[in-house]
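**Q** Below is the structure I would like to discuss, written out as structure tokens.
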Amino acid sequence: MTVEHVTAPLLRVQNLGLRHVSGSATTPILSDVSFELGRGEILGIIGESGAGKSTVGNAILGLLSPEFQQTSGTIEFNGKAIDGMTADERQTLRGRRISAIFQDHTASLDPLMSVGAQVEETCLTLDSSLSKREARARAIDLLARVGIPEPERRYRNYPHQFSGGQRQRVVIAIALAGSPDIIIADEPTSALDATVQKQVLELLKILVDETGVSIILVTHDMGVISEITNRVLVMRKGQVVEADRTATILDQPRHDYTKKLLAAVPRLRIPTRTVKAEDDGGQAGSSAIDGDQNPLLVAEGLSKQFAPQGFAWGIGRGKPRFGLRDVGIRLPRGSITGIVGESGSGKTTFGRILAGLDTAPTGRITIGEHAFNVSRSGRRSGLLGRVQMIFQDPSVSLNPRMTIGETLDESIRFGGRTGSSKEPADLAAMMDRLGLPRSLLARHPHQLSGGQKQRVCIARALLARPEIIVADEPTSALDVSVQAEIVGLLKDTIAERAMTMVFISHDLAIVQAMCSSVFIFKDGRIEDFGPTEFIFSRSDNPYTRALINARPQRFTC
Amino acid sequence: MPLISVVLGRLSQAFLLLIAMSLIGFIGVHSVGNPVFNVVNIETATPEDIHAATIALGLDQPIWRQYLAFIGNVVSGNFGTSYIYHLPAFELVMSKLPATLELASIAMLIAAPLGTGLGLLAGRRSGTLFDRTMVKASVSALSIPSFWLAMMLILVGAILTGWFPSGGRGLTASFLGQEWSFLTGNGLWHMVLPALALAIPNIALIARLSRSGTIEVENLDFTRFCRAKGLSSRRILLRHTLPNISVPIVTIIGLQFGGMLAFAVVVETIFSWPGVGKLLIDSIQLLDRPVVMATLTFIAVAFVALNALVDLFYAVLDPRVRLSS
Amino acid sequence: MKAQIVSALKRRRHGPVLTASKLLLASYILVAIAAPLIAPQNPYDPLQIYGWEASSPPGTRGSGGYLYLLGTDGLGRDIVSTILYGLRISLVVSIVSSALAALIGLTAGVSAAYFGKWVDIAIMRLVDLQLSLPTILIALIAIVTLGPGIDRIILALIIAQWATYARIARGVALSEANKPYMDAARLMRLPTSRIIFRHLLPNSIAPAVTLIPIEVGHAVALEATLSFLGLGVPIDKPSLGSAVANGFQYLLTGQYWISLFPGLALFGLIASINLVGEDVRRSLDPRNHSL
């Protein structure tokens with residue numbers, strides 16, 4: 001490793017050890033963690049949950065709760081040990097020298113105080129020489145710098161009146177208020193949509209260039225690491241397993257764990273742009289019905305609006321709900337069709353209407369020769385039961401009071417009635433195919449791992465022998481390493497049975513690996529669609545391009 | 001949620017309540033014999049008298065017309081005349097209101113700051129001896145039936161020590177055309193025990209709520225972020241924690257103030273405090289039905305009105321409610 | 001469910017106060033069951049009561065030959081016996097009313113959630129209205145309308161309490177009904193009865209059931225308050241509340257024992273039910289299982 005900075009590092013952590021004491025139980029959290037941070041450097045700390053990466057950040061900030069005890073090592077800031085300082089001394093460091101950004105932008109801001117006042121309050125606290133008016137001017141300046149449009153006007157707005165990305169920008173403005181030397185950013189973009197995530201990361205990079213601040217970026221996302229960090233610390237179970245320059249880690253990982261983390265990242269392939277062929281689909285439009293002459297399912301003109309909930313004593317707190325505007329789709333028999341969109345794009349609503357779980361006031365769904373009236377409830381229109389679903393979070397997708405055997409048996413007994421095949425489903429064969437040991441049949445869901453639960457959900461859907469399966473983000477609640485297995489299993493079992501699947505996801509790379517054609521949803525409309533190859537290589541739709549560009553370059557090939 | 005729908009919701013609730021009370025009252029009046037004999041003397045009345053009274057009371061009308069008339073009366077606050085005092089029932093209730101109001105107000109003035117303060121302290125030191133003692137003490141205080149608490153206050157504060165009077169309103173002074181005890185030293189002296197009896201369970205309740213609120217807010221990310229951005233813990237407590245827990249506390253204070261109007265029934269009876277609650281119990285025992293109905297309806301409607309005020313206040317305090325479109 | 005409660009009770013390490021209140025509650029229940037066997041006197045039997053020994057202070061030896069350990073009340077009844085028999089009435093009234101209120105409230109709440117539309121609106125309007133008023137007020141209105149008597153007071157307590165269960169059961173059922181496992185059940189086109197009884201109900205009742213112990217505590221206090229106000233159980237068969245009320249007039253003349261001891265017994269009962277009930281609720285709260 002080459003040492004570039006000659007002067008003493010800004011921050012030096014040496015042999016840091018920490019444990020958690022609760023009653024008589026003592027758990028080691030960190031052991032022998034050492035690293036240095038130079039000026040203007042962005043250091044990434046990556047690891048899965050339980051790696052202790054957030055604890056490192058909190059230890060530097062001096063925000064550990066009393067149950068955490070330091071067992072060894074030192075933390076030096078500007079050559080001075082800070083881990084032994086009194087609470088008051090630590091407090092004078094916070095904000096002025098070391099400040100922080102947390103993951104949850106909603107929870108980071110006081111909901112009862114205007115955004116401007118929260119920035120201004122920080123300026124006043126950190127620089128007591130400021131007058132009220134000067135503090136206000138500085139706050140407006142800070143808001144402008146992090147890219148809040150019209151900061152004078154938005155000064156008096158409250159956090160809930162900002163979008164998620166803007167709230168995180170406000171949090172960054174507050175972190176910058178004391179012109180700190182170091183910002184600890186704990187998963188700063190994990191709660192944001194991909195396109196917004198990209199913008200926030202760019203902002204952080206610009207701020208580092210402009211102000212020379214150093215950032216410790218704690219994350220679980222290799223993509224984020226590859227985008228902006230200079231050096232990386234890979235952590236596992238409280239220990240640093242590997243530390244090096246980012247490029248080296250990505251290209252020549254030495255430790256097995258790092259290799260495993262890298263291998264689990266889904267990669268997006270962008271075929272080289274060929275000369276534009278004939279117009280083979282792919283125009284931005286509301287309805288997308290073309291291609292296949294004999295589709296299994298045709299949905300036409302689906303629209304749905306969610307009225308704001310009103311007139312009740314449950315005050316406020318109505319979540320923003322999004323509808324659909326004139327959405328149409330065609331599913332070729334035996335295909336896997338991807339639906340991609342960010343939060344609020346209407347992709348989940350669409351999936352639920354397909355399955356007959358939700359109604360739509362206008363529109364029509366045809367499966368084979370049967371047309372279904374989607375304005376009536378699924379049970380009445382007969383649509384319910386034709387389509388099975390696999391849901392996002394397997395921990396709430398299984399009845400907690402029924403054994404796995406009971407759940408699957410129910411699927412065989414009741415689900416098969418509307419299924420396509422008349423031959424009885426073979427439970428044992430299905431368990432073997434999905435890699436589920438028979439001993440699980442007598443267990444309850446809480447005794448299973450997340451991956452096992454999702455396999456059971458797949459088994460339940462397949463055992464009902466539907467013609468169509470809708471999978472709604474089936475991997476996003478699972479650990480990275482399990483995700484790949486589930487995706488592979490889904491793809492193979494669907495192909496073996498020649499079933500038709502709709503695969504809903506926000507992750508372009510997984511969709512590319514699974515699907516033969518892709519629909520891109522935005523604000524309840526179909527923004528772009530076409531064969532997978534076309535969408536990823538040649539689509540000119542600006543939103544599609546933005547989505548693809550928001551992917552970390554490093555994991556795109 | 002627009003404010004208007006909150007207000008509309010409460011209004012419709014108040015209306016529903018009036019209808020329910022009128023139904024209860026109407027059935028009540030007709031289930032205890034001929035109401036005519038409330039007006040005329042059974043022994044001396046001639047058939048002509050009874051007939052005249054029947055017509056005067058509208059009892060010759062079909063039952064649904066009688067009910068409509070009854071509803072009209074209830075909605076306009078006309079509950080009839082007290083059999084005992086020979087005064088309009090509603091007027092009678094109103095004349096007893098100041099005594100109840102001042103007692104409940106003083107009790108809340110004791111309970112609200114004390115409860116909030118204790119809860120904040122316990123919440124900030126959760127897990128310590130002080131906190132655990134506070135939690136156990138509040139469970140005990142909430143377990144004491146209010147009437148027994150009042151009796152024990154009399155036993156200790158009046159009978160054993162002789163420090164405070166055991167009942168009555170003491171001297172009163174006139175203000176805004178009403179008689180008030182809190183304006184005279186003697187009156188205040190008389191209020192100590194009954195006000196304590198009302199306040200103690202509320203101290204426990206408010207303390208409990210503000211404790212759990214404090215713990216919840218202190219665990220939120222934004223208090224951690226406030227510390228990370230360099231604010232002092234004093235400032236975090238006063239400018240961030242307190243406003244955030246004040247929303248549920250204001251709600252409970254409003255609701256409990258209404259609750260005190262109801263619990264005044266017990267405390268006033270024990271301390272012979274001539275308020276609305278004592279009037280209610282006396283009237284129930286004397287079978288003075290118009291007064292019973294008037295009192296119950298008044299307390300219930302006052303409670304719904306208080307709820308509406310709390311809702312409005314809630315909206316003023318919380319920008320998420322105030323500014324949502 | 002039962003096994004869950006038992007294991008939850010076993011798992012929790014608890015302090016001396018909780019252990020004491022569990023022991024206290026257990027002995028209350030035992031004593032109430034065994035009252036006719038262990039009470040020195042049957043306070044309902046006029047032949048066993050000596051009117052001339054009314055208001056004897058604690059420790060007086062009565063002509064029946066036994067010791068009035070806690071004295072006698074204004075009618076000459078032994079306070080210990082009054083407490084034992086009163087305990088029976090208080091417990092029966094509050095347990096019966098809470099159980100029935102839970103049954104009615106659960107059914108109403110789950111029905112409101114499942115059927116929605118006007119069933120939901122009708123039930124929840126009533127529930128909201130009731131819950132916006134203090135329970136004591138509802139109980140007062142009910143008892144004034146219904147008249148006195150033990151059966152009436154049970155009815156009044158049910159009326160005062162069912163709404164709490166209904167609201168909780170509806171809330172839980174609604175959130176359960178929106179979970180993916182319920183969607184999966186719908187996708188199987190299960191019969192409605194199977195969806196309700198196999199999927200919705202088992203997952204919805206637990207939170208409401210854990211309320212029962214705490215609500216029994218409330219019911220004891222409510223019954224005592226109504227009886228104290230002279231609106232509850234008749235004076236010849238006093239519950240703990242009316243036993244306290246009987247002593248009120250004697251309190252001012254210094255014969256404190258007539259109301260002090262039944263009151264202490266009542267306080268201990270409510271406090272132990274509250275502490276144990278709170279513990280049951282907390283240990284069954286799924287949020288605590290993840291810790």
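By order in the structure tokens, chains are A, B, ...; within a chain, residues start at 1; ligands start at 1, following the order shown.
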Given a cut-off of 6 Å, which residues of chain C touch chain B, counting only C-alpha atoms, written out as a PDB file with C-alpha atoms, in the first residue's frame?
**A**
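This went into part39.pdb:
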ATOM      1  CA  PRO C 134     -64.992   8.285  29.753  1.00  0.00           C
ATOM      2  CA  ALA C 221     -62.720  -0.509  39.864  1.00  0.00           C
ATOM      3  CA  PHE C 267     -56.625  -1.633  46.215  1.00  0.00           C
ATOM      4  CA  ILE C 270     -56.732  -3.944  41.465  1.00  0.00           C
ATOM      5  CA  ALA C 271     -53.008  -3.278  41.800  1.00  0.00           C
TER       6      ALA C 271
END
**Q** What are the nearest atom pairs, with distances in Å to one decimal, for all residues of chain A that come at most 7 Å from chain C, using only C-alpha atoms, set out by chain and rising residue number as CSV?
**A**
residue,atom,partner,partner_atom,distance
A:Leu384,CA,C:Leu187,CA,5.8
A:Gly385,CA,C:Leu187,CA,4.7
A:Gln388,CA,C:Leu187,CA,6.2
A:Phe391,CA,C:Pro180,CA,6.7
A:Val396,CA,C:Pro180,CA,6.2
A:Ser397,CA,C:Tyr181,CA,4.1
A:Leu398,CA,C:Tyr181,CA,4.9
A:Asn399,CA,C:Tyr181,CA,5.6
A:Ser411,CA,C:Met188,CA,6.4
A:Phe414,CA,C:Met188,CA,5.9
A:Gly415,CA,C:Met188,CA,4.5
**Q** With only C-alpha atoms as the basis for distance, which of B:Lys278, B:Arg211, B:Arg224, B:Arg234 is at the shortest distance from chain A?
**A**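 Closest to chain A, using only C-alpha atoms: B:Arg224.
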**Q** For chain B, which residues have at least one atom within 12 Å of chain A, if we go by only C-alpha atoms? Write them as number ranges by chain, please.
**A** B: 1-13, 127, 217-233, 235-236, 239-247, 307-308, 311-312, 314-325
**Q** Please, could you write that set of residues out with C-alpha atoms as a PDB file, in the first residue's frame?
**A**
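Result written to result-v5.pdb:
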ATOM      1  CA  MET B   1     -56.325  15.706   6.346  1.00  0.00           C
ATOM      2  CA  PRO B   2     -57.998  19.034   6.002  1.00  0.00           C
ATOM      3  CA  LEU B   3     -59.063  20.631   9.258  1.00  0.00           C
ATOM      4  CA  ILE B   4     -62.606  21.005   8.051  1.00  0.00           C
ATOM      5  CA  SER B   5     -63.187  17.253   7.976  1.00  0.00           C
ATOM      6  CA  VAL B   6     -61.900  16.914  11.536  1.00  0.00           C
ATOM      7  CA  VAL B   7     -64.401  19.517  12.667  1.00  0.00           C
ATOM      8  CA  LEU B   8     -67.179  17.931  10.622  1.00  0.00           C
ATOM      9  CA  GLY B   9     -66.368  14.544  12.128  1.00  0.00           C
ATOM     10  CA  ARG B  10     -66.663  15.877  15.645  1.00  0.00           C
ATOM     11  CA  LEU B  11     -69.872  17.744  14.841  1.00  0.00           C
ATOM     12  CA  SER B  12     -71.492  14.629  13.443  1.00  0.00           C
ATOM     13  CA  GLN B  13     -70.325  12.776  16.536  1.00  0.00           C
ATOM     14  CA  GLY B 127     -33.844   2.193  33.799  1.00  0.00           C
ATOM     15  CA  VAL B 217     -38.481  10.607  20.980  1.00  0.00           C
ATOM     16  CA  GLU B 218     -34.998  10.206  22.451  1.00  0.00           C
ATOM     17  CA  ASN B 219     -34.623   6.976  20.504  1.00  0.00           C
ATOM     18  CA  LEU B 220     -35.593   8.613  17.224  1.00  0.00           C
ATOM     19  CA  ASP B 221     -32.923   9.310  14.663  1.00  0.00           C
ATOM     20  CA  PHE B 222     -33.398  13.035  14.770  1.00  0.00           C
ATOM     21  CA  THR B 223     -32.333  13.344  18.402  1.00  0.00           C
ATOM     22  CA  ARG B 224     -29.237  11.348  17.488  1.00  0.00           C
ATOM     23  CA  PHE B 225     -28.773  13.645  14.496  1.00  0.00           C
ATOM     24  CA  CYS B 226     -29.222  16.686  16.768  1.00  0.00           C
ATOM     25  CA  ARG B 227     -26.395  15.376  18.912  1.00  0.00           C
ATOM     26  CA  ALA B 228     -24.284  14.637  15.845  1.00  0.00           C
ATOM     27  CA  LYS B 229     -24.746  18.186  14.604  1.00  0.00           C
ATOM     28  CA  GLY B 230     -23.400  19.485  17.898  1.00  0.00           C
ATOM     29  CA  LEU B 231     -26.454  20.716  19.858  1.00  0.00           C
ATOM     30  CA  SER B 232     -26.266  20.651  23.655  1.00  0.00           C
ATOM     31  CA  SER B 233     -28.503  18.143  25.399  1.00  0.00           C
ATOM     32  CA  ARG B 235     -31.249  22.556  23.792  1.00  0.00           C
ATOM     33  CA  ILE B 236     -32.279  19.180  22.378  1.00  0.00           C
ATOM     34  CA  ARG B 239     -36.404  22.708  21.543  1.00  0.00           C
ATOM     35  CA  HIS B 240     -36.876  19.230  20.116  1.00  0.00           C
ATOM     36  CA  THR B 241     -37.924  16.589  22.652  1.00  0.00           C
ATOM     37  CA  LEU B 242     -40.461  18.711  24.514  1.00  0.00           C
ATOM     38  CA  PRO B 243     -42.356  19.993  21.440  1.00  0.00           C
ATOM     39  CA  ASN B 244     -42.479  16.479  20.060  1.00  0.00           C
ATOM     40  CA  ILE B 245     -43.909  14.864  23.169  1.00  0.00           C
ATOM     41  CA  SER B 246     -46.262  17.788  23.765  1.00  0.00           C
ATOM     42  CA  VAL B 247     -48.616  16.563  21.046  1.00  0.00           C
ATOM     43  CA  ASN B 307     -62.312  16.425  22.027  1.00  0.00           C
ATOM     44  CA  ALA B 308     -62.938  18.814  19.145  1.00  0.00           C
ATOM     45  CA  ASP B 311     -58.195  17.990  17.639  1.00  0.00           C
ATOM     46  CA  LEU B 312     -57.880  21.622  16.622  1.00  0.00           C
ATOM     47  CA  TYR B 314     -53.333  19.066  17.680  1.00  0.00           C
ATOM     48  CA  ALA B 315     -53.581  20.462  14.184  1.00  0.00           C
ATOM     49  CA  VAL B 316     -52.038  23.761  15.287  1.00  0.00           C
ATOM     50  CA  LEU B 317     -49.130  21.995  16.999  1.00  0.00           C
ATOM     51  CA  ASP B 318     -48.274  19.561  14.251  1.00  0.00           C
ATOM     52  CA  PRO B 319     -47.349  21.013  10.853  1.00  0.00           C
ATOM     53  CA  ARG B 320     -47.871  17.599   9.247  1.00  0.00           C
ATOM     54  CA  VAL B 321     -51.566  17.947  10.054  1.00  0.00           C
ATOM     55  CA  ARG B 322     -51.744  21.713   9.620  1.00  0.00           C
ATOM     56  CA  LEU B 323     -50.068  21.912   6.229  1.00  0.00           C
ATOM     57  CA  SER B 324     -51.157  18.705   4.556  1.00  0.00           C
ATOM     58  CA  SER B 325     -53.095  19.375   1.432  1.00  0.00           C
TER      59      SER B 325
END
**Q** I'd like the neighbourhood of stretch 66-71 of chain A as a PyMOL selection string, where a residue qualifies if any of its atoms comes within 6 Å (using only C-alpha atoms), though same-chain residues fewer than 2 positions away should be ignored.
**A** chain A and resi 17-21
**Q** Generate the output file for the selected residues, N, CA and C atoms, as a PDB file, in the first residue's frame.
**A**
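New file part-v5.pdb:
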ATOM      1  N   GLY A  17     -11.327  -1.874  19.907  1.00  0.00           N
ATOM      2  CA  GLY A  17     -12.148  -3.008  20.312  1.00  0.00           C
ATOM      3  C   GLY A  17     -13.330  -2.508  21.124  1.00  0.00           C
ATOM      4  N   LEU A  18     -14.501  -3.070  20.905  1.00  0.00           N
ATOM      5  CA  LEU A  18     -15.705  -2.629  21.620  1.00  0.00           C
ATOM      6  C   LEU A  18     -16.529  -3.853  21.969  1.00  0.00           C
ATOM      7  N   ARG A  19     -17.227  -3.765  23.096  1.00  0.00           N
ATOM      8  CA  ARG A  19     -18.173  -4.834  23.398  1.00  0.00           C
ATOM      9  C   ARG A  19     -19.476  -4.236  23.911  1.00  0.00           C
ATOM     10  N   HIS A  20     -20.520  -5.038  23.816  1.00  0.00           N
ATOM     11  CA  HIS A  20     -21.843  -4.617  24.256  1.00  0.00           C
ATOM     12  C   HIS A  20     -22.180  -5.377  25.516  1.00  0.00           C
ATOM     13  N   VAL A  21     -22.505  -4.633  26.574  1.00  0.00           N
ATOM     14  CA  VAL A  21     -22.811  -5.266  27.839  1.00  0.00           C
ATOM     15  C   VAL A  21     -24.277  -5.018  28.167  1.00  0.00           C
TER      16      VAL A  21
END
**Q** Mind checking DSSP for stretch 10-141 of chain C and telling me the strand (DSSP E or B) residues as a list in words?
**A** Thr60, Arg61, Leu67, Tyr68, Thr72 and Asp78 of chain C
**Q** Would you list the contacts of A:Gly451 as a ChimeraX atom specification, taking every protein, DNA or RNA residue within 10 Å and counting only C-alpha atoms, but skipping same-chain residues closer than 4 positions in sequence?
**A** /A:394-395,455-457,475,477-479,481-483,485-486
**Q** Just write the chosen residues, C-alpha atoms, as a PDB file, in the first residue's frame.
**A**
ATOM      1  CA  PRO A 394     -41.555 -13.830   2.813  1.00  0.00           C
ATOM      2  CA  SER A 395     -41.731 -13.222   6.570  1.00  0.00           C
ATOM      3  CA  ARG A 455     -38.836 -21.071  -1.496  1.00  0.00           C
ATOM      4  CA  VAL A 456     -41.971 -22.176   0.335  1.00  0.00           C
ATOM      5  CA  CYS A 457     -43.820 -19.207  -1.191  1.00  0.00           C
ATOM      6  CA  THR A 475     -35.702 -10.918  -3.749  1.00  0.00           C
ATOM      7  CA  ALA A 477     -36.112  -8.529   1.287  1.00  0.00           C
ATOM      8  CA  LEU A 478     -33.382 -11.177   1.138  1.00  0.00           C
ATOM      9  CA  ASP A 479     -29.633 -11.115   1.779  1.00  0.00           C
ATOM     10  CA  SER A 481     -26.077 -13.991  -1.379  1.00  0.00           C
ATOM     11  CA  VAL A 482     -29.530 -15.613  -1.218  1.00  0.00           C
ATOM     12  CA  GLN A 483     -30.940 -13.323  -3.906  1.00  0.00           C
ATOM     13  CA  GLU A 485     -30.152 -18.462  -5.723  1.00  0.00           C
ATOM     14  CA  ILE A 486     -33.806 -17.446  -5.660  1.00  0.00           C
TER      15      ILE A 486
END
**Q** Could you tell me, as a ChimeraX atom specification, which residues of stretch 59-88 of chain A DSSP assigns to helix (DSSP H, G or I) when given the backbone?
**A** /A:59-61,87-88
**Q** So which residues touch B:Ile110 within 7 Å, counting only C-alpha atoms, skipping near sequence neighbours fewer than 4 positions away, as a PyMOL selection string?
**A** chain B and resi 106+114+199
**Q** Determine the nearest neighbour of B:Leu238 from the options B:Gln66, B:Arg169, B:Met191, B:Leu120, counting only C-alpha atoms.
**A**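 Checking each of B:Gln66, B:Arg169, B:Met191, B:Leu120 against B:Leu238, counting only C-alpha atoms, the winner is B:Leu120.
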**Q** Have a look at C:Val92, C:Ile212, C:Ala173, C:Ala160 and name the one nearest to C:Phe197; count only C-alpha atoms.
**A** C:Ala173
